[in-house]
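K.L.:
File follows, data-v4.txt with compact mmCIF, C-alpha atoms:
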# COMPACT_ATOMS: atom_id res chain seq x y z
CA MET A 1 183.53 170.36 102.54
CA SER A 2 182.57 169.34 99.01
CA ALA A 3 180.69 171.51 96.55
CA SER A 4 177.53 169.40 96.91
CA ASP A 5 177.61 169.80 100.71
CA LYS A 6 177.97 173.57 100.37
CA ASP A 7 174.99 173.71 97.98
CA GLU A 8 172.88 171.68 100.43
CA VAL A 9 173.79 173.99 103.31
CA GLU A 10 172.95 177.09 101.26
CA GLN A 11 169.61 175.61 100.17
CA SER A 12 168.65 174.80 103.75
CA SER A 13 169.78 178.14 105.17
CA ALA A 14 167.96 180.29 102.62
CA PRO A 15 164.44 179.31 103.83
CA LEU A 16 165.57 179.80 107.45
CA ILE A 17 166.76 183.32 106.71
CA GLU A 18 163.50 184.09 104.92
CA HIS A 19 161.50 182.81 107.90
CA LEU A 20 163.57 184.90 110.32
CA MET A 21 163.04 188.00 108.18
CA GLU A 22 159.32 187.26 108.05
CA LEU A 23 159.26 186.79 111.83
CA ARG A 24 161.09 190.09 112.31
CA THR A 25 158.53 191.89 110.15
CA ARG A 26 155.60 190.39 112.08
CA LEU A 27 157.21 191.28 115.41
CA ILE A 28 157.80 194.87 114.29
CA TRP A 29 154.15 195.22 113.28
CA SER A 30 152.94 193.66 116.55
CA ILE A 31 155.21 195.70 118.82
CA GLY A 32 154.51 198.89 116.85
CA GLY A 33 150.75 198.34 117.06
CA PHE A 34 150.95 197.70 120.80
CA PHE A 35 153.10 200.82 121.32
CA VAL A 36 150.65 203.04 119.42
CA ALA A 37 147.72 201.57 121.35
CA PHE A 38 149.63 202.04 124.61
CA LEU A 39 150.26 205.73 123.89
CA PHE A 40 146.61 206.21 122.97
CA CYS A 41 145.39 204.56 126.18
CA PHE A 42 147.93 206.41 128.32
CA PHE A 43 146.75 209.74 126.90
CA PHE A 44 143.17 208.85 127.92
CA ALA A 45 144.18 206.92 131.06
CA LYS A 46 142.21 209.09 133.48
CA ALA A 47 139.09 208.92 131.32
CA LEU A 48 139.48 205.14 131.04
CA PHE A 49 139.90 204.84 134.81
CA ASN A 50 136.77 206.90 135.39
CA PHE A 51 134.99 204.58 132.96
CA LEU A 52 136.10 201.58 135.00
CA VAL A 53 134.85 203.22 138.20
CA VAL A 54 131.27 203.29 136.86
CA PRO A 55 130.52 199.72 138.13
CA PHE A 56 131.64 200.88 141.58
CA LYS A 57 129.07 203.67 141.37
CA TRP A 58 126.38 201.16 140.44
CA ALA A 59 127.35 199.08 143.47
CA THR A 60 126.99 202.08 145.78
CA SER A 61 123.47 202.60 144.43
CA TRP A 62 122.65 198.94 145.09
CA ALA A 63 123.94 199.39 148.67
CA GLY A 64 121.72 202.44 149.18
CA LEU A 65 124.59 204.93 149.22
CA ASP A 66 125.18 208.12 147.26
CA PRO A 67 126.98 207.23 143.98
CA THR A 68 128.18 210.83 143.59
CA LYS A 69 130.37 210.45 146.69
CA VAL A 70 132.46 207.53 145.44
CA GLU A 71 136.04 208.10 146.55
CA LEU A 72 139.27 206.26 145.79
CA ILE A 73 142.66 207.09 147.27
CA TYR A 74 146.35 206.52 146.63
CA THR A 75 148.89 206.42 149.44
CA ALA A 76 152.16 206.70 147.51
CA PRO A 77 153.05 209.72 145.35
CA GLN A 78 153.82 207.57 142.30
CA GLU A 79 150.96 205.10 142.76
CA PHE A 80 148.39 206.71 140.46
CA PHE A 81 151.03 207.31 137.77
CA PHE A 82 152.00 203.63 137.69
CA THR A 83 148.32 202.71 137.82
CA GLN A 84 147.80 204.70 134.64
CA ILE A 85 150.75 202.90 133.03
CA LYS A 86 149.28 199.51 133.96
CA LEU A 87 145.92 200.57 132.62
CA ALA A 88 147.50 201.80 129.38
CA MET A 89 149.39 198.52 128.96
CA PHE A 90 146.26 196.47 129.58
CA GLY A 91 144.16 198.60 127.24
CA GLY A 92 146.92 198.65 124.62
CA MET A 93 147.11 194.87 124.63
CA VAL A 94 143.34 194.56 124.24
CA ILE A 95 143.22 197.08 121.40
CA ALA A 96 146.28 195.66 119.63
CA PHE A 97 145.21 192.01 120.00
CA PRO A 98 143.44 191.81 116.60
CA LEU A 99 146.58 193.13 114.90
CA ILE A 100 148.85 190.78 116.86
CA ALA A 101 146.60 187.80 116.14
CA THR A 102 146.54 188.73 112.44
CA GLN A 103 150.34 188.87 112.33
CA ILE A 104 150.55 185.46 114.01
CA TYR A 105 148.09 184.04 111.50
CA LYS A 106 149.97 185.51 108.53
CA PHE A 107 153.20 183.99 109.82
CA ILE A 108 151.87 180.45 110.25
CA ALA A 109 149.33 180.46 107.38
CA PRO A 110 151.87 179.63 104.62
CA GLY A 111 152.69 176.40 106.45
CA LEU A 112 149.06 175.27 106.57
CA TYR A 113 146.96 173.53 103.98
CA ARG A 114 143.98 175.38 102.53
CA ASN A 115 141.47 173.36 104.57
CA GLU A 116 143.54 173.95 107.72
CA ARG A 117 143.56 177.71 107.11
CA ALA A 118 139.80 177.65 106.54
CA ALA A 119 139.35 175.75 109.82
CA PHE A 120 141.70 177.98 111.82
CA LEU A 121 140.37 181.37 110.70
CA PRO A 122 136.90 181.13 112.38
CA PHE A 123 138.54 180.41 115.72
CA LEU A 124 140.81 183.42 115.26
CA ILE A 125 137.71 185.57 114.83
CA ALA A 126 135.77 183.92 117.67
CA SER A 127 138.53 184.34 120.25
CA PRO A 128 138.40 188.17 120.65
CA ILE A 129 134.59 188.11 120.44
CA LEU A 130 134.37 185.64 123.33
CA PHE A 131 136.92 187.65 125.29
CA LEU A 132 134.80 190.80 124.88
CA ILE A 133 131.71 188.89 125.99
CA GLY A 134 133.51 187.81 129.15
CA ALA A 135 134.81 191.34 129.77
CA SER A 136 131.32 192.80 129.28
CA LEU A 137 129.91 190.30 131.77
CA VAL A 138 132.52 191.46 134.29
CA TYR A 139 131.88 195.15 133.69
CA PHE A 140 128.08 195.15 133.72
CA PHE A 141 127.39 192.49 136.32
CA PHE A 142 130.20 190.88 138.33
CA THR A 143 132.21 193.97 139.28
CA PRO A 144 129.13 195.79 140.65
CA MET A 145 128.11 192.59 142.44
CA VAL A 146 131.54 192.11 144.02
CA MET A 147 131.82 195.76 145.07
CA TRP A 148 128.30 195.64 146.51
CA PHE A 149 129.36 192.61 148.57
CA PHE A 150 132.33 194.53 149.96
CA LEU A 151 130.27 197.68 150.58
CA THR A 152 127.81 195.74 152.73
CA MET A 153 130.61 195.20 155.25
CA GLN A 154 130.82 198.90 156.10
CA GLN A 155 129.72 200.20 159.48
CA SER A 156 128.05 203.56 159.87
CA GLY A 157 129.16 203.96 163.49
CA GLY A 158 127.20 204.67 166.65
CA ASP A 159 125.56 202.33 169.17
CA GLY A 160 128.89 200.93 170.23
CA GLU A 161 130.13 200.44 166.67
CA VAL A 162 133.12 202.16 165.19
CA GLN A 163 132.69 203.73 161.78
CA ILE A 164 134.29 201.61 159.05
CA SER A 165 134.23 202.95 155.49
CA LEU A 166 135.48 201.45 152.27
CA LEU A 167 138.15 203.65 150.66
CA PRO A 168 139.80 201.48 147.98
CA LYS A 169 143.17 202.42 146.56
CA VAL A 170 143.29 203.17 142.85
CA SER A 171 145.90 200.44 142.26
CA GLU A 172 143.94 197.82 144.18
CA TYR A 173 140.68 198.63 142.40
CA LEU A 174 142.38 198.44 139.01
CA SER A 175 144.02 195.14 139.96
CA LEU A 176 140.64 193.77 141.01
CA ILE A 177 138.83 194.67 137.81
CA MET A 178 141.77 193.64 135.61
CA THR A 179 141.94 190.27 137.36
CA LEU A 180 138.22 189.71 136.82
CA ILE A 181 138.39 190.73 133.15
CA PHE A 182 141.42 188.54 132.52
CA SER A 183 139.88 185.57 134.36
CA PHE A 184 136.55 185.72 132.55
CA GLY A 185 138.19 186.46 129.20
CA LEU A 186 140.47 183.45 129.66
CA VAL A 187 137.62 181.16 130.70
CA PHE A 188 135.53 182.22 127.70
CA GLN A 189 138.29 180.84 125.44
CA LEU A 190 137.39 177.31 126.58
CA PRO A 191 135.11 176.53 123.60
CA VAL A 192 137.78 177.80 121.19
CA VAL A 193 140.54 175.65 122.71
CA THR A 194 138.45 172.48 122.96
CA SER A 195 137.07 172.94 119.44
CA LEU A 196 140.56 173.27 118.01
CA MET A 197 141.71 170.18 119.90
CA ALA A 198 138.65 168.25 118.70
CA ARG A 199 139.25 169.29 115.10
CA VAL A 200 142.85 168.06 115.10
CA GLY A 201 141.87 164.83 116.87
CA MET A 202 143.53 165.53 120.23
CA LEU A 203 140.23 165.52 122.12
CA SER A 204 136.84 163.87 121.75
CA SER A 205 133.39 164.71 123.05
CA GLN A 206 133.27 161.40 124.94
CA ALA A 207 136.51 162.28 126.73
CA LEU A 208 134.98 165.60 127.78
CA VAL A 209 131.88 163.80 129.06
CA ASP A 210 133.99 161.29 131.02
CA LYS A 211 135.98 164.11 132.67
CA ARG A 212 132.91 166.23 133.52
CA LYS A 213 133.12 165.61 137.28
CA TRP A 214 136.79 166.55 137.36
CA ALA A 215 136.06 169.61 135.24
CA ILE A 216 133.49 170.86 137.76
CA VAL A 217 135.96 170.50 140.63
CA ILE A 218 138.74 172.18 138.65
CA ALA A 219 136.38 175.02 137.70
CA PHE A 220 135.79 175.90 141.35
CA VAL A 221 139.49 175.55 142.20
CA VAL A 222 140.52 177.83 139.32
CA ALA A 223 137.80 180.31 140.27
CA ALA A 224 139.10 180.38 143.85
CA VAL A 225 142.64 181.09 142.60
CA LEU A 226 141.84 183.72 139.95
CA THR A 227 139.16 185.73 141.71
CA PRO A 228 139.10 187.74 144.96
CA PRO A 229 138.45 185.74 148.14
CA ASP A 230 134.71 186.22 148.18
CA PRO A 231 132.09 183.57 147.39
CA LEU A 232 130.14 185.70 144.91
CA SER A 233 132.96 186.19 142.43
CA GLN A 234 134.15 182.58 142.82
CA ILE A 235 130.70 181.14 142.14
CA GLY A 236 130.19 183.75 139.44
CA LEU A 237 133.27 182.50 137.58
CA ALA A 238 132.78 178.79 138.24
CA ILE A 239 129.22 178.62 136.92
CA PRO A 240 130.02 180.21 133.50
CA THR A 241 133.03 177.89 133.28
CA ILE A 242 130.82 174.84 133.74
CA ILE A 243 128.31 176.17 131.20
CA LEU A 244 131.11 176.80 128.71
CA TYR A 245 132.38 173.28 129.32
CA GLU A 246 128.97 171.89 128.36
CA ILE A 247 129.00 174.11 125.26
CA SER A 248 132.42 172.68 124.43
CA ILE A 249 131.00 169.16 124.56
CA ILE A 250 128.23 170.13 122.13
CA THR A 251 130.73 171.86 119.84
CA ALA A 252 133.04 168.84 119.86
CA ARG A 253 130.13 166.58 118.89
CA MET A 254 129.21 168.86 116.01
CA ILE A 255 132.81 168.84 114.78
CA GLU A 256 132.95 165.03 115.03
CA ARG A 257 129.73 164.69 113.02
CA SER A 258 131.07 167.08 110.40
CA LYS A 259 134.34 165.15 110.16
CA ALA A 260 132.42 161.85 109.89
CA LYS A 261 130.32 163.22 107.01
CA GLU A 262 133.42 164.47 105.22
CA GLU A 263 135.09 161.08 105.69
CA SER A 264 132.01 159.26 104.40
CA ALA A 265 131.84 161.52 101.35
CA ARG A 266 135.54 160.98 100.67
CA LYS A 267 135.19 157.21 100.95
CA ALA A 268 132.18 157.30 98.64
CA GLU A 269 134.15 159.23 96.05
CA ASP A 270 137.08 156.84 96.35
CA GLY A 271 134.71 153.89 96.02
CA GLU A 272 133.18 155.26 92.83
CA GLU A 273 136.62 155.79 91.33
CA GLU A 274 137.73 152.25 92.17
CA LYS A 275 134.41 150.61 91.16
CA PRO A 276 134.92 148.22 88.17
CA GLU A 277 132.88 148.57 85.00
CA ASP A 278 129.41 147.03 85.13
CA ASN A 279 129.71 145.30 81.73
CA PRO A 280 133.29 144.13 81.21
CA PRO A 281 134.20 143.20 77.66
CA ALA A 282 133.74 139.52 76.84
CA ASP A 283 136.74 137.40 76.00
CA ASN A 284 137.42 136.85 72.29
CA PRO A 285 136.31 133.36 71.18
CA VAL A 286 139.10 131.01 70.32
Would you mind writing the file out in structure tokens?

P.N.:
Amino acid sequence: MSASDKDEVEQSSAPLIEHLMELRTRLIWSIGGFFVAFLFCFFFAKALFNFLVVPFKWATSWAGLDPTKVELIYTAPQEFFFTQIKLAMFGGMVIAFPLIATQIYKFIAPGLYRNERAAFLPFLIASPILFLIGASLVYFFFTPMVMWFFLTMQQSGGDGEVQISLLPKVSEYLSLIMTLIFSFGLVFQLPVVTSLMARVGMLSSQALVDKRKWAIVIAFVVAAVLTPPDPLSQIGLAIPTIILYEISIITARMIERSKAKEESARKAEDGEEEKPEDNPPADNPV
């Protein structure tokens, strides 16, 4: 290998090593932040679980039952312990998400132009906000509604009926509410994803309008897959998805208008620079 080839290899490997070191630093910060958040949530796991049971208590009130007698069970000795670990992992990921997203942004930001960074940053801020909106909708409305639906299937017994009472397991209740939070939080990212795709030119508002019928069908199919097998939660997820799809169309149109104005302004500036002088100098007489 010649000296010039060695220099070329060294010049190409130096940036790669720097990127790998930068990636290692960002991963350490992300994993460390998640681990700290996990320990914090695990320490308060029982309090967090009791907080998540509050919608169940609201549902018992809606069903005309005593909310002070809400009871959950676990049938395996280790079940509640692993439930607390799952809860701590879920809560740790939610708490550490801003830090993880910041580390991702800092890693990719040097490779973006200034206008691209300015366009990407608002979506980075909007994503956790929309996720929290979806999670709040689950906590304050859909979880009580779903649990009320299940509570209405109980039988008090007597008159030829056997007594049937709802005694949910702690792991199953946590899985239910985590599934709902994840589903709604994921669906509420729809405007962010479509807006990013529209900004980079991968998607247009007209394409979204043309695929509206398919989007409605897919919304109900996805809702049936992600939510428990009851019509209330499925309809409750499908309808916000369709509304968010319409919001995505409006957002894509706004982005297209903004890009058109920027393009017109750029062409106008280029036209002024290339415009010839109004009074060109006359030729010298012979």

K.L.:
Within 12 Å of Glu172 in chain A, counting all atoms listed in the file, which residues show up once you throw out same-chain ones fewer than 3 positions away? Write them as a PyMOL selection string, please.

P.N.:
chain A and resi 72-75+79-80+82-83+86+167-169+175-179+228

K.L.:
Could you build a table of the residues in range 108-195 of chain A lying no more than 8 Å from range 232-235 of chain A, giving for each the nearest pair of atoms and their separation in Å rounded to one decimal place, using all atoms listed in the file, ordered by chain and ascending residue number, as a Markdown table?

P.N.:
| residue | atom | partner | partner_atom | distance |
| --- | --- | --- | --- | --- |
| A:Phe142 | CA | A:Ser233 | CA | 6.8 |
| A:Met145 | CA | A:Leu232 | CA | 7.6 |
| A:Val146 | CA | A:Ser233 | CA | 6.3 |
| A:Phe149 | CA | A:Leu232 | CA | 7.9 |

K.L.:
Just checking: using all atoms listed in the file, which residue out of A:Val217, A:Val170, A:Ile85, A:Leu20 ends up closest to Glu71 in chain A?

P.N.:
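Of A:Val217, A:Val170, A:Ile85, A:Leu20, the one nearest Glu71 in chain A is A:Val170, counting all atoms listed in the file.
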
K.L.:
Give me, as an MDAnalysis selection string, all polymer residues having an atom no more than 10 Å from Gln84 in chain A, counting all atoms listed in the file and skipping those fewer than 5 positions away in the same chain.

P.N.:
chainID A and resid 41:46 48:49 79 89:90 170:171 174

K.L.:
Could you list, as a PyMOL selection string, every residue within 12 Å of Leu99 in chain A, counting all atoms listed in the file and ignoring same-chain residues fewer than 6 positions away?

P.N.:
chain A and resi 26-37+92-93+105-106+124-125+128

K.L.:
Output C-alpha atoms for every residue in the selection just made, as a JSON list (two decimals), keeping the file's coordinate frame.

P.N.:
[["chain", "number", "residue", "atom", "x", "y", "z"],
["A", 26, "ARG", "CA", 155.60, 190.39, 112.08],
["A", 27, "LEU", "CA", 157.21, 191.28, 115.41],
["A", 28, "ILE", "CA", 157.80, 194.87, 114.29],
["A", 29, "TRP", "CA", 154.15, 195.22, 113.28],
["A", 30, "SER", "CA", 152.94, 193.66, 116.55],
["A", 31, "ILE", "CA", 155.21, 195.70, 118.82],
["A", 32, "GLY", "CA", 154.51, 198.89, 116.85],
["A", 33, "GLY", "CA", 150.75, 198.34, 117.06],
["A", 34, "PHE", "CA", 150.95, 197.70, 120.80],
["A", 35, "PHE", "CA", 153.10, 200.82, 121.32],
["A", 36, "VAL", "CA", 150.65, 203.04, 119.42],
["A", 37, "ALA", "CA", 147.72, 201.57, 121.35],
["A", 92, "GLY", "CA", 146.92, 198.65, 124.62],
["A", 93, "MET", "CA", 147.11, 194.87, 124.63],
["A", 105, "TYR", "CA", 148.09, 184.04, 111.50],
["A", 106, "LYS", "CA", 149.97, 185.51, 108.53],
["A", 124, "LEU", "CA", 140.81, 183.42, 115.26],
["A", 125, "ILE", "CA", 137.71, 185.57, 114.83],
["A", 128, "PRO", "CA", 138.40, 188.17, 120.65]]

K.L.:
Using all atoms listed in the file, pick whichever of A:Phe97, A:Tyr113, A:Tyr139, A:Phe123 has the shortest atom-to-atom distance to Phe56 in chain A.

P.N.:
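For Phe56 in chain A, the nearest of the candidates is A:Tyr139.
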
K.L.:
May I ask for the distance between CA of Arg257 in chain A and CA of Phe131 in chain A, given in Å to one decimal place?

P.N.:
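One can read the CA of Arg257 in chain A to CA of Phe131 in chain A distance as 27.0 Å.
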
K.L.:
Which polymer residues have any atom within 12 Å of an atom of Thr60 in chain A, counting only C-alpha atoms, with same-chain residues fewer than 3 positions away left out, as a PDB file with C-alpha atoms, in the coordinates of the input?

P.N.:
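Below is the file that was written, selection.pdb:
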ATOM      1  CA  VAL A  53     134.850 203.220 138.200  1.00  0.00           C
ATOM      2  CA  VAL A  54     131.270 203.290 136.860  1.00  0.00           C
ATOM      3  CA  PRO A  55     130.520 199.720 138.130  1.00  0.00           C
ATOM      4  CA  PHE A  56     131.640 200.880 141.580  1.00  0.00           C
ATOM      5  CA  LYS A  57     129.070 203.670 141.370  1.00  0.00           C
ATOM      6  CA  ALA A  63     123.940 199.390 148.670  1.00  0.00           C
ATOM      7  CA  GLY A  64     121.720 202.440 149.180  1.00  0.00           C
ATOM      8  CA  LEU A  65     124.590 204.930 149.220  1.00  0.00           C
ATOM      9  CA  ASP A  66     125.180 208.120 147.260  1.00  0.00           C
ATOM     10  CA  PRO A  67     126.980 207.230 143.980  1.00  0.00           C
ATOM     11  CA  THR A  68     128.180 210.830 143.590  1.00  0.00           C
ATOM     12  CA  LYS A  69     130.370 210.450 146.690  1.00  0.00           C
ATOM     13  CA  VAL A  70     132.460 207.530 145.440  1.00  0.00           C
ATOM     14  CA  GLU A  71     136.040 208.100 146.550  1.00  0.00           C
ATOM     15  CA  THR A 143     132.210 193.970 139.280  1.00  0.00           C
ATOM     16  CA  PRO A 144     129.130 195.790 140.650  1.00  0.00           C
ATOM     17  CA  MET A 145     128.110 192.590 142.440  1.00  0.00           C
ATOM     18  CA  VAL A 146     131.540 192.110 144.020  1.00  0.00           C
ATOM     19  CA  MET A 147     131.820 195.760 145.070  1.00  0.00           C
ATOM     20  CA  TRP A 148     128.300 195.640 146.510  1.00  0.00           C
ATOM     21  CA  PHE A 149     129.360 192.610 148.570  1.00  0.00           C
ATOM     22  CA  PHE A 150     132.330 194.530 149.960  1.00  0.00           C
ATOM     23  CA  LEU A 151     130.270 197.680 150.580  1.00  0.00           C
ATOM     24  CA  THR A 152     127.810 195.740 152.730  1.00  0.00           C
ATOM     25  CA  GLN A 154     130.820 198.900 156.100  1.00  0.00           C
ATOM     26  CA  LEU A 166     135.480 201.450 152.270  1.00  0.00           C
TER      27      LEU A 166
END

K.L.:
In Å, with one decimal, what is the gap from CA of Phe40 in chain A to CA of Leu130 in chain A?

P.N.:
23.9 Å

K.L.:
If you count only C-alpha atoms, which residues fall within 12 Å of Arg212 in chain A, apart from same-chain ones fewer than 6 positions away, as a list in words?

P.N.:
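So the residues in contact are Ser205, Gln206, Ile218, Ala219, Thr241, Ile242, Ile243, Leu244, Tyr245, Glu246, Ser248 and Ile249 of chain A.
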
K.L.:
Quick one: pull the distance between CA of Arg117 in chain A and CA of Val193 in chain A, Å, one decimal.

P.N.:
16.0 Å

K.L.:
My list of candidates is A:Ile216, A:Lys211, A:Gly201, A:Ala224. Which is closest to Lys259 in chain A when distances are computed with only C-alpha atoms?

P.N.:
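Comparing A:Ile216, A:Lys211, A:Gly201, A:Ala224 against Lys259 in chain A, the winner is A:Gly201.
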
K.L.:
Taking all atoms listed in the file into account, which of A:Arg253, A:Gly157, A:Phe184, A:Val162 comes nearest Arg199 in chain A?

P.N.:
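Distance minimum relative to Arg199 in chain A lands on A:Arg253.
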
K.L.:
Kindly output range 79-101 of chain A as a compact mmCIF listing (two decimals), in the coordinates of the input, after building N, CA, C and O atoms.

P.N.:
# COMPACT_ATOMS: atom_id res chain seq x y z
N GLU A 79 151.88 206.22 142.93
CA GLU A 79 150.96 205.10 142.76
C GLU A 79 149.99 205.32 141.60
O GLU A 79 149.81 204.43 140.75
N PHE A 80 149.38 206.48 141.52
CA PHE A 80 148.39 206.71 140.46
C PHE A 80 149.07 206.78 139.10
O PHE A 80 148.48 206.36 138.08
N PHE A 81 150.30 207.27 139.04
CA PHE A 81 151.03 207.31 137.77
C PHE A 81 151.27 205.89 137.25
O PHE A 81 151.01 205.59 136.07
N PHE A 82 151.76 205.01 138.12
CA PHE A 82 152.00 203.63 137.69
C PHE A 82 150.69 202.89 137.43
O PHE A 82 150.65 201.96 136.60
N THR A 83 149.64 203.29 138.11
CA THR A 83 148.32 202.71 137.82
C THR A 83 147.88 203.06 136.41
O THR A 83 147.32 202.22 135.68
N GLN A 84 148.13 204.31 136.00
CA GLN A 84 147.80 204.70 134.64
C GLN A 84 148.65 203.94 133.62
O GLN A 84 148.16 203.58 132.54
N ILE A 85 149.90 203.68 133.94
CA ILE A 85 150.75 202.90 133.03
C ILE A 85 150.22 201.47 132.89
O ILE A 85 150.13 200.92 131.79
N LYS A 86 149.85 200.86 134.01
CA LYS A 86 149.28 199.51 133.96
C LYS A 86 147.99 199.50 133.16
O LYS A 86 147.76 198.58 132.36
N LEU A 87 147.16 200.49 133.36
CA LEU A 87 145.92 200.57 132.62
C LEU A 87 146.18 200.75 131.12
O LEU A 87 145.51 200.13 130.29
N ALA A 88 147.16 201.59 130.78
CA ALA A 88 147.50 201.80 129.38
C ALA A 88 148.05 200.53 128.74
O ALA A 88 147.75 200.22 127.58
N MET A 89 148.85 199.77 129.48
CA MET A 89 149.39 198.52 128.96
C MET A 89 148.28 197.50 128.74
O MET A 89 148.24 196.82 127.71
N PHE A 90 147.37 197.41 129.70
CA PHE A 90 146.26 196.47 129.58
C PHE A 90 145.35 196.86 128.41
O PHE A 90 145.00 196.02 127.58
N GLY A 91 145.00 198.15 128.34
CA GLY A 91 144.16 198.60 127.24
C GLY A 91 144.86 198.49 125.90
O GLY A 91 144.24 198.14 124.89
N GLY A 92 146.17 198.78 125.87
CA GLY A 92 146.92 198.65 124.62
C GLY A 92 146.97 197.23 124.12
O GLY A 92 146.85 196.98 122.91
N MET A 93 147.10 196.27 125.04
CA MET A 93 147.11 194.87 124.63
C MET A 93 145.75 194.44 124.09
O MET A 93 145.67 193.71 123.09
N VAL A 94 144.68 194.91 124.72
CA VAL A 94 143.34 194.56 124.24
C VAL A 94 143.09 195.16 122.86
O VAL A 94 142.58 194.49 121.96
N ILE A 95 143.46 196.43 122.68
CA ILE A 95 143.22 197.08 121.40
C ILE A 95 144.10 196.48 120.30
O ILE A 95 143.65 196.29 119.15
N ALA A 96 145.35 196.17 120.63
CA ALA A 96 146.28 195.66 119.63
C ALA A 96 146.14 194.16 119.38
O ALA A 96 146.79 193.64 118.46
N PHE A 97 145.31 193.47 120.16
CA PHE A 97 145.21 192.01 120.00
C PHE A 97 144.78 191.59 118.60
O PHE A 97 145.35 190.63 118.06
N PRO A 98 143.78 192.23 117.98
CA PRO A 98 143.44 191.81 116.60
C PRO A 98 144.62 191.92 115.64
O PRO A 98 144.82 191.03 114.80
N LEU A 99 145.41 192.98 115.76
CA LEU A 99 146.58 193.13 114.90
C LEU A 99 147.62 192.06 115.20
O LEU A 99 148.19 191.44 114.28
N ILE A 100 147.86 191.80 116.49
CA ILE A 100 148.85 190.78 116.86
C ILE A 100 148.40 189.40 116.38
O ILE A 100 149.20 188.62 115.84
N ALA A 101 147.11 189.10 116.58
CA ALA A 101 146.60 187.80 116.14
C ALA A 101 146.69 187.67 114.62
O ALA A 101 146.98 186.59 114.09
